[in-house]
Amino acid sequence: MSKGITKREEDYSQWYLDVVLKAEMAEYSPVRGCMVIRPTGYGIWEKMQQRLDRMFKETGHVNAYFPLFIPESFLKKEAEHVEGFAPECAMVTHGGGKRLEEPMAIRPTSETIIWATYKNWIKSYRDLPLLINQWANVCRWEMRTRLFLRTCEFLWQEGHTAHATHEEAEEEALRMVDVYRQFAEEYMAMPVVVGRKTESEKFAGAEHTYCIEAMMQDGKALQAGTSHHLGQKFARAFDVKFQDRDKELKYVYATSWGVSTRLIGGMIMTHSDDKGLVIPPKLAPTPVVFVPIWHSDEEMNMVLGKAREITTGWDPLFFKIDDRDQYKPGYKFNEWELKGVPVRIEIGPKDVNNSTVVVARRDTGDKATVPMDGLLTHVEAALESIQKNLYSAAQKRLQERTFTVDNYDEYTERVEGGGFFRVFLDHANPAVEEKLQEDTRSTIRCIPFNAPDEEGPCMITGKPCSGRVIAAQSY
RNA sequence: CGGGGCGUAGCGCAGCCCGGUUAGCGCGCCUGCUUUGGGAGCAGGAGGCCGAGAGUUCAAAUCUCUCCGCCCCGACCA
């Protein structure tokens with residue numbers, strides 16, 4: 001079995017750490033709360049970026065880049081925003097050996113600097129909509145950190161759009177949360193619940209926040225992406241007006257939306273197992289690895305030669321031939337399983353003689369002997385099957401661990417064991433959420449879309465509510 | 001910021017209570033030979049300011065004080 005990986009059932013969070021570290025995804029840096037993302041982890045982020053970037057561009061967005069430093073006065077312009085972010089800002093007070101006249105924050109998010117800029121870009125209704133995305137790092141001074149899930153610095157993308165009307169902004173916010181849903185499902189093989197955040201959980205400065213919530217293997221929720229309708233709050237704070245067709249000067253409507261390297265943590269906790277990482281094929285930097293087997297130099301030349309011959313014409317980024325001489329095949333099998341490569345192809349002297357190879361898939365561990373002829377087609381089919389299989393396993397778990405509960409005592413007892421709970425809670429009342437958190441360390445994850453019309457009494461106050469919310473413990 | 005733990009070789013640890021040869025062990029690393037279809041074997045070798053500073057002592061990894069860092073559990077968060 002895998003050396004040194006804690007079993008999931010023994011200690012889920014230690015298992016997670018073991019996988020991240022042993023699969024060489026990331027490691028702790030000398031800097032408190034910050035991580036080093038290693039090539040294996042960064043390669044997955046690059047795949048995510050490539051796909052998301054394409055989806056953003058297909059929906060009309062373009063990329064730009066704004067400064068890392070944000071003058072303190074900018075942050076203070078929007079009241080709710082500053083209240084939400086001030087406590088977690090890192091501030092730069094010195095530069096060039098001198099105390100700065102005005103301290104600058106290292107961006108916790110870029111709304112303020114972007115809206116200070118948009119003010120100059122937007123004059124007329126013809127300038128709208130303005131659809132911009134930025135790939136960047138941000139910094140939030142977290143008390144407690146966990147690799148990928150919560151670190152002081154992390155990588156993300158943040159979309160910032162400006163629209164002429166409330167309706168258009170609303171459409172945009174909804175469009176982008178749906179882009180996230182689609183990305184999560186199709187590429188990460190991670191089913192999600194789409195919904196709206198409650199007042200207390202929404203973004204600091206948003207009118208409302210939409211989100212996708214995923215369920216990890218231990219039943220805890222992970223907020224995997226958010227999309228905010230910012231209304232006119234930032235337009236008013238930064239005085240961004242446009243002249244409309246009717247000659248009137250109007251404030252623009254805004255959205256922002258983001259996903260981060262936290263998704264990598266979500267991917268790990270959705271698919272990986274006690275042998276290590278499992279990467280969905282569509283996110284695998286290298287989907288296929290060949291492990292050649294030989295006894296003599298002669299055989300080595302023959303086997304390696306054959307492997308190279310078979311893969312002639314294949315995309316070089318699609319596969320790797322592990323020709324290292326210092327490790328035995330068994331070692332390599334385990335290593336590539338630990339690192340989550342979706343398909344492993346074993347090729348030895350026997351195979352070369354029979355014109356076959358052995359194809360092993362990471363999700364089920366199944367091995368099959370297949371002819372070299374038509375191998376690429378076989379492998380592509382296997383990858384597709386793995387992608388589907390990972391998704392349906394995750395979806396099955398989500399369904400099986402989503403419970404409908406009406407009684408608070410029952411909820412309190414069961415929520416500890418993980419899972420999503422469909423419950424009636426008066427989410428308009430902040431005291432309800434406070435009590436919920438105090439009693440159970442769980443929160444309302446979202447007010448889901450696509451919920452059946454149901455009416456019932458709030459589990460805590462008894463007040464009639466329409467529609468159930470999803471409550472759960474979360475990361 | 002409260003509670004707990006840990007800093008000794010690249011990694012994981014022992015040694016510390018009870019001070020005293022040359023600071024050990026496993027993994028990894030280097031060299032050589034034999035191996036190679038599920039984590040190889042043998043032989044040889046390199047690698048340490050014992051987290052930092054101050055003290056006690058003839059003598060400190062070990063005792064005392066101070067500091068620093070990190071991890072884990074709670075309050076805040078993508």
# chains A, B, ... in the order shown; residues from 1 in each chain; ligands from 1
$ closest_atom_pairs --of "chain B" --to "chain A" --cutoff "9 Å" --atoms "only C-alpha atoms (C1' of nucleotides)" --output "tab-separated table"
residue	atom	partner	partner_atom	distance
B:U35	C1'	A:His295	CA	8.4
B:U36	C1'	A:Lys328	CA	5.1
B:G37	C1'	A:Ile293	CA	7.0
B:G38	C1'	A:Gly330	CA	4.4
B:G39	C1'	A:Tyr331	CA	4.5
B:A40	C1'	A:Lys328	CA	7.7
B:G69	C1'	A:Arg32	CA	8.7
B:C70	C1'	A:Arg32	CA	7.9
B:C76	C1'	A:Met143	CA	7.3
B:C77	C1'	A:Glu142	CA	7.0
B:A78	C1'	A:Ser260	CA	6.8
$ residues_around --residues "region 169-184 of chain A" --least-positions-apart "5" --cutoff "9 Å" --atoms "only C-alpha atoms (C1' of nucleotides)" --output "PyMOL selection string"
chain A and resi 48+51-52+55-56+59+129+161-164+189-195+209-212+214+224-231+253-259+263
$ residues_around --residues "U57 (chain B)" --least-positions-apart "3" --cutoff "10 Å" --atoms "only C-alpha atoms (C1' of nucleotides)" --output "list in words"
G19, A60 and C63 of chain B
$ atom_distance --atom1 "CA of Gly276 (chain A)" --atom2 "CA of Val415 (chain A)"
27.4 Å
$ select_by_dssp --residues "region 24-121 of chain A" --states "strand (DSSP E or B)" --output "list of chain:residue names"
A:Ala26, A:Glu27, A:Tyr28, A:Met35, A:Val36, A:Ile37, A:Val62, A:Asn63, A:Phe69, A:Ile70, A:Pro71, A:Ala90, A:Met91, A:Val92, A:Thr93, A:His94, A:Gly95, A:Lys98, A:Arg99, A:Leu100, A:Glu101, A:Glu102, A:Pro103, A:Met104, A:Ala105, A:Ile106
$ select_by_dssp --residues "region 10-117 of chain A" --states "helix (DSSP H, G or I)" --output "MDAnalysis selection string"
chainID A and resid 12:22 39:58 72:75 79:88 111:117
$ closest_residue --among "B:C49, B:A54, B:A61, B:C33" --to "U8 (chain B)" --atoms "only C-alpha atoms (C1' of nucleotides)"
B:A61
